[in-house]
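Participant: Handing over structure.cif, mmCIF, C-alpha atoms.
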```
data_query
loop_
_atom_site.label_atom_id
_atom_site.label_comp_id
_atom_site.auth_asym_id
_atom_site.auth_seq_id
_atom_site.Cartn_x
_atom_site.Cartn_y
_atom_site.Cartn_z
CA MET A 542 0.00 0.00 0.00
CA ALA A 543 2.82 2.39 0.88
CA GLY A 544 4.56 1.60 -2.41
CA ALA A 545 1.34 2.11 -4.36
CA SER A 546 0.70 5.41 -2.57
CA LEU A 547 4.24 6.58 -3.36
CA LEU A 548 3.79 5.70 -7.04
CA THR A 549 0.47 7.54 -7.09
CA LEU A 550 2.08 10.59 -5.50
CA LEU A 551 4.94 10.50 -8.01
CA ASP A 552 2.44 10.18 -10.85
CA ASP A 553 0.49 13.18 -9.54
CA ILE A 554 3.69 15.20 -9.23
CA ALA A 555 4.72 14.25 -12.77
CA ALA A 556 1.29 15.26 -14.10
CA LEU A 557 1.49 18.55 -12.21
CA LEU A 558 4.97 19.29 -13.58
CA ASP A 559 3.75 18.43 -17.06
CA ASP A 560 0.85 20.88 -16.66
CA VAL A 561 3.22 23.56 -15.37
CA SER A 562 5.51 22.92 -18.33
CA LEU A 563 2.67 23.26 -20.85
CA MET A 564 1.27 26.40 -19.22
CA THR A 565 4.77 27.91 -18.99
CA LYS A 566 5.37 27.22 -22.68
CA ALA A 567 2.08 28.92 -23.61
CA ALA A 568 2.85 31.91 -21.38
CA THR A 569 6.36 32.27 -22.81
CA LYS A 570 4.96 32.44 -26.35
CA LYS A 571 2.59 35.22 -25.26
CA THR A 572 5.43 37.20 -23.67
CA ALA A 573 7.73 36.97 -26.73
CA GLY A 574 7.30 40.65 -27.56
CA VAL A 575 8.26 41.83 -24.11
CA LEU A 576 11.21 39.41 -23.96
CA GLY A 577 12.68 40.72 -27.21
CA ASP A 578 12.33 44.30 -26.05
CA ASP A 579 13.60 43.44 -22.57
CA LEU A 580 16.72 41.82 -24.01
CA ALA A 581 17.54 44.70 -26.37
CA LEU A 582 16.76 47.39 -23.80
CA ASN A 583 18.83 45.86 -21.01
CA ALA A 584 21.78 45.30 -23.32
CA GLN A 585 21.59 48.98 -24.27
CA GLN A 586 21.43 49.99 -20.59
CA VAL A 587 24.96 48.63 -20.06
CA THR A 588 26.50 50.60 -22.92
CA GLY A 589 28.92 53.26 -21.72
CA VAL A 590 30.05 51.21 -18.71
CA ARG A 591 33.76 50.39 -18.44
CA PRO A 592 34.49 46.90 -19.87
CA ALA A 593 35.72 45.62 -16.51
CA ARG A 594 32.42 46.65 -14.88
CA GLU A 595 30.00 45.32 -17.53
CA LEU A 596 29.35 41.92 -15.95
CA PRO A 597 29.07 43.28 -12.37
CA VAL A 598 26.51 45.81 -13.63
CA VAL A 599 24.53 43.09 -15.44
CA TRP A 600 24.61 40.97 -12.26
CA ALA A 601 23.41 43.91 -10.14
CA VAL A 602 20.51 44.59 -12.52
CA ALA A 603 19.66 40.87 -12.64
CA LYS A 604 19.42 40.77 -8.83
CA GLY A 605 17.20 43.84 -8.91
CA SER A 606 15.05 42.16 -11.57
CA MET A 607 14.59 39.12 -9.36
CA VAL A 608 13.52 41.38 -6.46
CA ASN A 609 11.00 42.99 -8.82
CA LYS A 610 9.53 39.60 -9.65
CA VAL A 611 9.46 38.54 -5.98
CA ILE A 612 7.14 41.53 -5.48
CA LEU A 613 5.11 41.08 -8.68
CA VAL A 614 4.38 37.33 -8.57
CA PRO A 615 2.62 37.28 -5.16
CA ALA A 616 0.81 40.51 -6.11
CA ALA A 617 -0.44 38.88 -9.31
CA VAL A 618 -1.63 35.77 -7.47
CA ALA A 619 -3.38 37.93 -4.86
CA ILE A 620 -5.17 39.88 -7.61
CA SER A 621 -6.24 36.64 -9.26
CA PHE A 622 -7.58 35.27 -5.95
CA PHE A 623 -9.25 38.37 -4.48
CA MET A 624 -10.06 40.41 -7.60
CA PRO A 625 -10.21 38.03 -10.59
CA TRP A 626 -12.29 40.58 -12.51
CA LEU A 627 -9.17 42.77 -12.60
CA VAL A 628 -7.10 40.26 -14.63
CA THR A 629 -8.59 41.17 -18.04
CA PRO A 630 -8.28 44.97 -17.54
CA LEU A 631 -4.66 44.50 -16.42
CA LEU A 632 -3.99 42.34 -19.44
CA MET A 633 -5.53 44.96 -21.74
CA LEU A 634 -3.45 47.63 -19.98
CA GLY A 635 -0.31 45.58 -20.58
CA GLY A 636 -1.21 45.08 -24.24
CA GLY A 637 -1.89 48.78 -24.67
CA PHE A 638 1.43 49.63 -23.05
CA LEU A 639 3.24 47.28 -25.43
CA CYS A 640 1.66 49.04 -28.42
CA PHE A 641 2.40 52.47 -26.93
CA GLU A 642 6.02 51.53 -26.30
CA GLY A 643 6.38 50.16 -29.84
CA VAL A 644 5.19 53.38 -31.49
CA GLU A 645 7.17 55.44 -28.97
CA LYS A 646 10.32 53.57 -29.98
CA LEU A 647 9.67 54.17 -33.68
CA ALA A 648 9.01 57.89 -33.12
CA HIS A 649 11.59 58.36 -30.36
CA LYS A 650 14.03 60.27 -32.58
CA PHE A 651 11.33 62.82 -33.42
CA LEU A 652 9.65 63.00 -30.00
CA HIS A 653 12.73 63.15 -27.78
CA ALA A 654 15.54 64.56 -29.93
CA LYS A 655 16.16 67.53 -27.60
CA GLU A 656 16.08 65.42 -24.44
CA ASP A 657 18.53 62.87 -25.87
CA GLU A 658 20.96 65.56 -26.99
CA GLN A 659 20.77 67.27 -23.58
CA HIS A 660 21.39 63.95 -21.80
CA LYS A 661 24.44 63.20 -23.97
CA LYS A 662 25.80 66.69 -23.39
CA GLU A 663 25.38 66.43 -19.61
CA ARG A 664 27.09 63.03 -19.59
CA ARG A 665 30.05 64.31 -21.65
CA GLU A 666 30.46 67.30 -19.35
CA ALA A 667 30.30 65.08 -16.26
CA LEU A 668 32.97 62.71 -17.60
CA LYS A 669 35.31 65.65 -18.32
CA GLN A 670 35.34 66.64 -14.66
CA PRO A 671 38.34 65.16 -12.82
CA ASP A 672 36.42 64.76 -9.58
CA VAL A 673 33.50 62.87 -11.13
CA ASP A 674 32.65 59.66 -9.27
CA LEU A 675 32.10 56.97 -11.90
CA ARG A 676 30.65 54.71 -9.23
CA VAL A 677 27.81 57.18 -8.72
CA LEU A 678 27.10 57.19 -12.47
CA GLU A 679 27.19 53.41 -12.44
CA ARG A 680 24.73 53.19 -9.54
CA GLN A 681 22.42 55.63 -11.31
CA LYS A 682 22.55 53.47 -14.45
CA ILE A 683 21.75 50.34 -12.42
CA LYS A 684 18.81 52.03 -10.67
CA GLY A 685 17.45 53.23 -14.01
CA ALA A 686 17.77 49.76 -15.51
CA ILE A 687 15.97 48.18 -12.53
CA ARG A 688 13.12 50.71 -12.81
CA THR A 689 12.77 49.90 -16.51
CA ASP A 690 12.89 46.18 -15.70
CA PHE A 691 10.03 46.59 -13.21
CA ILE A 692 7.74 47.87 -15.98
CA LEU A 693 8.78 45.12 -18.40
CA SER A 694 8.49 42.47 -15.66
CA ALA A 695 5.01 43.73 -14.78
CA GLU A 696 4.02 43.30 -18.44
CA ILE A 697 5.40 39.75 -18.51
CA ILE A 698 3.63 38.81 -15.27
CA ALA A 699 0.33 40.39 -16.42
CA ILE A 700 0.43 38.54 -19.76
CA THR A 701 1.33 35.27 -18.03
CA LEU A 702 -1.48 35.77 -15.52
CA GLY A 703 -3.91 36.17 -18.41
CA VAL A 704 -2.80 32.77 -19.76
CA VAL A 705 -3.18 30.94 -16.43
CA ALA A 706 -6.17 32.86 -15.01
CA SER A 707 -8.52 29.86 -15.36
CA VAL A 708 -6.39 27.35 -13.42
CA SER A 709 -5.96 26.89 -9.67
CA ILE A 710 -4.10 29.40 -7.51
CA GLY A 711 -1.35 26.87 -6.83
CA MET A 712 -0.84 26.29 -10.55
CA GLN A 713 -0.85 30.03 -11.19
CA PHE A 714 1.87 30.58 -8.58
CA ALA A 715 3.94 27.71 -9.99
CA VAL A 716 3.76 28.91 -13.60
CA LEU A 717 4.34 32.56 -12.68
CA SER A 718 7.37 31.57 -10.59
CA VAL A 719 8.86 29.41 -13.35
CA VAL A 720 8.33 32.14 -15.95
CA ALA A 721 9.75 34.82 -13.62
CA VAL A 722 12.93 32.85 -12.84
CA GLY A 723 13.32 31.57 -16.40
CA VAL A 724 12.91 34.99 -17.96
CA THR A 725 15.43 36.55 -15.58
CA VAL A 726 18.05 33.85 -16.17
CA VAL A 727 17.60 33.79 -19.96
CA VAL A 728 17.40 37.57 -20.50
CA TYR A 729 20.33 38.54 -18.29
CA GLY A 730 22.39 35.53 -19.34
CA LEU A 731 21.99 36.65 -22.96
CA VAL A 732 22.64 40.28 -22.01
CA ALA A 733 25.91 39.23 -20.36
CA GLY A 734 26.87 37.33 -23.51
CA ILE A 735 25.95 40.21 -25.81
CA VAL A 736 27.86 42.89 -23.90
CA LYS A 737 31.01 40.72 -23.86
CA LEU A 738 30.65 39.62 -27.49
CA ASP A 739 33.04 42.30 -28.76
CA ASP A 740 35.64 41.26 -26.15
CA VAL A 741 35.43 37.66 -27.36
CA GLY A 742 35.78 38.83 -30.96
CA LEU A 743 38.80 40.98 -30.11
CA TYR A 744 40.43 38.10 -28.19
CA LEU A 745 39.98 35.68 -31.10
CA SER A 746 41.14 38.20 -33.70
CA GLN A 747 44.49 38.48 -31.85
CA ARG A 748 45.17 34.74 -31.79
CA ASP A 749 47.81 33.09 -33.97
CA SER A 750 45.31 30.76 -35.63
CA GLU A 751 44.01 32.07 -38.96
CA LEU A 752 40.64 30.43 -38.29
CA ALA A 753 40.36 32.10 -34.86
CA GLN A 754 41.23 35.46 -36.42
CA LYS A 755 38.51 35.08 -39.06
CA VAL A 756 35.95 34.06 -36.45
CA GLY A 757 36.96 37.01 -34.26
CA ASP A 758 36.72 39.46 -37.14
CA GLY A 759 33.29 38.02 -37.99
CA ILE A 760 32.09 38.48 -34.40
CA LEU A 761 33.36 42.07 -34.33
CA TRP A 762 31.52 42.75 -37.60
CA LEU A 763 28.34 41.05 -36.35
CA ALA A 764 28.11 42.61 -32.86
CA PRO A 765 26.76 46.08 -33.89
CA TYR A 766 24.13 44.53 -36.17
CA LEU A 767 22.98 42.07 -33.51
CA MET A 768 21.61 44.82 -31.27
CA LYS A 769 19.83 46.48 -34.19
CA THR A 770 18.25 43.15 -35.20
CA LEU A 771 17.12 42.45 -31.63
CA SER A 772 15.57 45.90 -31.40
CA ILE A 773 13.70 45.51 -34.71
CA VAL A 774 12.43 42.01 -33.91
CA GLY A 775 11.46 43.09 -30.39
CA THR A 776 9.50 46.09 -31.68
CA LEU A 777 7.68 43.99 -34.29
CA ALA A 778 6.80 41.39 -31.67
CA MET A 779 5.48 44.12 -29.36
CA PHE A 780 2.91 45.16 -31.97
CA LEU A 781 1.92 41.55 -32.70
CA VAL A 782 1.62 40.51 -29.05
CA GLY A 783 0.12 43.78 -27.80
CA GLY A 784 -2.31 43.97 -30.71
CA GLY A 785 -3.27 40.33 -30.19
CA ILE A 786 -4.07 40.98 -26.52
CA LEU A 787 -6.25 43.97 -27.43
CA VAL A 788 -8.02 42.03 -30.20
CA HIS A 789 -8.81 39.09 -27.91
CA GLY A 790 -10.10 41.53 -25.28
CA VAL A 791 -12.67 42.98 -27.70
CA PRO A 792 -14.79 40.00 -28.90
CA PRO A 793 -16.50 41.84 -31.83
CA VAL A 794 -13.13 42.75 -33.33
CA TYR A 795 -11.75 39.25 -32.74
CA ASN A 796 -14.83 37.62 -34.32
CA ALA A 797 -14.70 39.97 -37.33
CA ILE A 798 -11.06 39.09 -37.99
CA GLU A 799 -11.74 35.36 -37.64
CA LEU A 800 -14.71 35.56 -40.03
CA PHE A 801 -12.63 37.46 -42.58
CA ALA A 802 -9.78 34.94 -42.33
CA ALA A 803 -12.24 32.04 -42.73
CA ASP A 804 -12.80 33.08 -46.36
CA TYR A 805 -9.16 32.21 -47.12
CA SER A 806 -7.16 29.00 -46.87
CA GLY A 807 -3.58 27.91 -46.50
CA LEU A 808 -0.94 30.49 -45.65
CA TRP A 809 -3.30 33.49 -45.90
CA ALA A 810 -5.65 31.97 -43.34
CA MET A 811 -2.77 32.01 -40.85
CA LEU A 812 -1.27 35.34 -41.89
CA ILE A 813 -4.43 37.46 -41.85
CA PRO A 814 -5.03 37.24 -38.06
CA VAL A 815 -1.34 37.93 -37.40
CA LEU A 816 -1.28 40.94 -39.74
CA ALA A 817 -4.56 42.17 -38.27
CA ASN A 818 -3.14 41.93 -34.74
CA GLY A 819 -0.09 43.91 -35.83
CA LEU A 820 -2.23 46.58 -37.53
CA VAL A 821 -4.43 46.94 -34.46
CA GLY A 822 -1.26 47.22 -32.37
CA VAL A 823 0.17 50.01 -34.54
CA ILE A 824 -3.13 51.95 -34.58
CA ALA A 825 -3.67 51.56 -30.83
CA GLY A 826 -0.07 52.57 -30.11
CA ALA A 827 -0.29 55.63 -32.35
CA VAL A 828 -3.50 56.77 -30.64
CA LEU A 829 -1.98 56.27 -27.18
CA VAL A 830 1.19 58.16 -28.11
CA ALA A 831 -0.86 61.02 -29.56
CA VAL A 832 -2.88 61.26 -26.33
CA ILE A 833 -0.29 60.47 -23.65
CA THR A 834 2.82 62.28 -24.95
CA PRO A 835 1.30 65.82 -24.73
CA LEU A 836 0.01 65.01 -21.25
CA ILE A 837 3.48 63.89 -20.12
CA ARG A 838 5.07 67.05 -21.51
CA LEU A 839 2.42 69.20 -19.87
CA TRP A 840 3.06 67.49 -16.54
CA GLU A 841 6.85 67.92 -16.88
CA ALA A 842 6.46 71.60 -17.79
CA ARG A 843 4.19 72.12 -14.81
CA SER A 844 6.64 70.34 -12.49
CA GLU A 845 9.52 72.58 -13.67
CA THR A 846 7.56 75.76 -12.93
CA THR A 847 6.57 74.68 -9.40
#
```
Can you present the structure in this file as structure tokens?

Facilitator:
Amino acid sequence: MAGASLLTLLDDIAALLDDVSLMTKAATKKTAGVLGDDLALNAQQVTGVRPARELPVVWAVAKGSMVNKVILVPAAVAISFFMPWLVTPLLMLGGGFLCFEGVEKLAHKFLHAKEDEQHKKERREALKQPDVDLRVLERQKIKGAIRTDFILSAEIIAITLGVVASVSIGMQFAVLSVVAVGVTVVVYGLVAGIVKLDDVGLYLSQRDSELAQKVGDGILWLAPYLMKTLSIVGTLAMFLVGGGILVHGVPPVYNAIELFAADYSGLWAMLIPVLANGLVGVIAGAVLVAVITPLIRLWEARSETT
């Protein structure tokens, strides 16, 4: 009897882990847009740091990211348990923010040209001063990266919560925890690899082996384009994922797209919903940028005068 009970328990545990695995896989697909943007953004956050301090900075931000998720995961489970009606609005809010951020990234050069130039000027002036404390600048960069990570982590947790909202609280906590830890390890592991990619290329290019030199030169050539590719793919995924969340949250729109796609077959039947999600994402993001950006500038102007 004891042996049979143990086997039953092991079977239940295996089934539970299998369920967690399936739910985690589904949630990870939904968060693809945020992950691409998270990876590109965090790699950019480390630029300008001394090479010897790149990995310590990545590690510091990764620890801060884990603290963020320790706060967000229990909060998400509590919302699901006490206020389940809030899950869909939060999910829609996260989808809208993804679309807003996507359009904001595309229009950043036009919307924030003066602010970017002022920031670069202030940083150059600070670095010229002999008494400047680079450790202070580094801590400021880490704090800024952790604040940005909190927003991106909140999006990931909200999207994941939308995927697992119909299962038990225990399953929700398990999936959210796995996604939170997995995302942190994968994103910051890749960030660490990306920021040291040029060092690896330089090391190989200085070896005696002709093959190592060619590989090193190839890595040095590839490194600048890798960040650009990640940024483009991440932005595209933000529109697709964010638009998809908004479409699913408005049943008439979702049904209209499905009915339109039903008239086609093969590749078009699959592409039409995806393209429609992306179009909705771009339109929603453009509307949000047009509404929110003037409000932000008005608030900043008011804060400067007070």

Participant: Starting from the displayed file, determine the output of the PyMOL selection byres ((chain A and resi 713-716) around 9) and express the residue list as number ranges by chain.

Facilitator: A: 561-562, 564-565, 568, 614-615, 617-618, 621, 701-702, 705-712, 717-721

Participant: For a test of reading the model, state the distance in Å between CA of Cys640 (chain A) and CA of Val598 (chain A), rounded to one decimal.

Facilitator: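 Computing it gives 29.1 Å between the two atoms.
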
Participant: So what does the PyMOL selection byres ((chain A and resi 635) around 8) actually pick up in this one, as a VMD selection string?

Facilitator: chain A and resid 631 to 634 636 to 639 696 699 to 700 783

Participant: What is the CA of Leu771 (chain A)-CA of Gly819 (chain A) distance in Å, reported with one decimal?

Facilitator: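 So the two atoms, CA of Leu771 (chain A) and CA of Gly819 (chain A), lie 17.8 Å apart.
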
Participant: Would you mind reading off the distance between CA of Val726 (chain A) and CA of Ile697 (chain A), one decimal, in Å?

Facilitator: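 Straight-line distance from CA of Val726 (chain A) to CA of Ile697 (chain A) works out to 14.2 Å.
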
Participant: Excluding region 789-799 of chain A and its own-chain neighbours fewer than 6 positions away, which residues fall within 10 Å of it when counting all atoms listed in the file? Please give them as a ChimeraX atom specification.

Facilitator: /A:629-630,632-633,636,810,813-815,817-818,821

Participant: Compare A:Leu767, A:Ile683, A:Met607, A:Ile773 by their minimum atom-to-atom distance to Val728 (chain A), counting all atoms listed in the file, and give me the closest one.

Facilitator: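 Checking each of A:Leu767, A:Ile683, A:Met607, A:Ile773 against Val728 (chain A), counting all atoms listed in the file, the winner is A:Met607.
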
Participant: Go through A:Leu745, A:Val832, A:Leu752, A:Ala616 and flag the residue nearest Ala695 (chain A), using all atoms listed in the file for the distances.

Facilitator: A:Ala616

Participant: Identify all residues satisfying the PyMOL selection byres ((chain A and resi 648) around 12) in the given file; provide them as a short mmCIF file (atom, residue, chain, number, x, y, z; two decimals) with C-alpha atoms, in the frame of the given file.

Facilitator:
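So expr.cif came out as:
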```cif
data_model
loop_
_atom_site.label_atom_id
_atom_site.label_comp_id
_atom_site.auth_asym_id
_atom_site.auth_seq_id
_atom_site.Cartn_x
_atom_site.Cartn_y
_atom_site.Cartn_z
CA PHE A 641 2.40 52.47 -26.93
CA GLU A 642 6.02 51.53 -26.30
CA GLY A 643 6.38 50.16 -29.84
CA VAL A 644 5.19 53.38 -31.49
CA GLU A 645 7.17 55.44 -28.97
CA LYS A 646 10.32 53.57 -29.98
CA LEU A 647 9.67 54.17 -33.68
CA HIS A 649 11.59 58.36 -30.36
CA LYS A 650 14.03 60.27 -32.58
CA PHE A 651 11.33 62.82 -33.42
CA LEU A 652 9.65 63.00 -30.00
CA HIS A 653 12.73 63.15 -27.78
CA ALA A 654 15.54 64.56 -29.93
CA THR A 776 9.50 46.09 -31.68
CA VAL A 823 0.17 50.01 -34.54
CA GLY A 826 -0.07 52.57 -30.11
CA ALA A 827 -0.29 55.63 -32.35
CA VAL A 830 1.19 58.16 -28.11
CA ALA A 831 -0.86 61.02 -29.56
CA THR A 834 2.82 62.28 -24.95
#
```

Participant: Hey, which of A:Leu627, A:Ala603, A:Ile692, A:Val736 ends up closest to Pro765 (chain A)? Count only C-alpha atoms.

Facilitator: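 Using only C-alpha atoms, the shortest distance to Pro765 (chain A) belongs to A:Val736.
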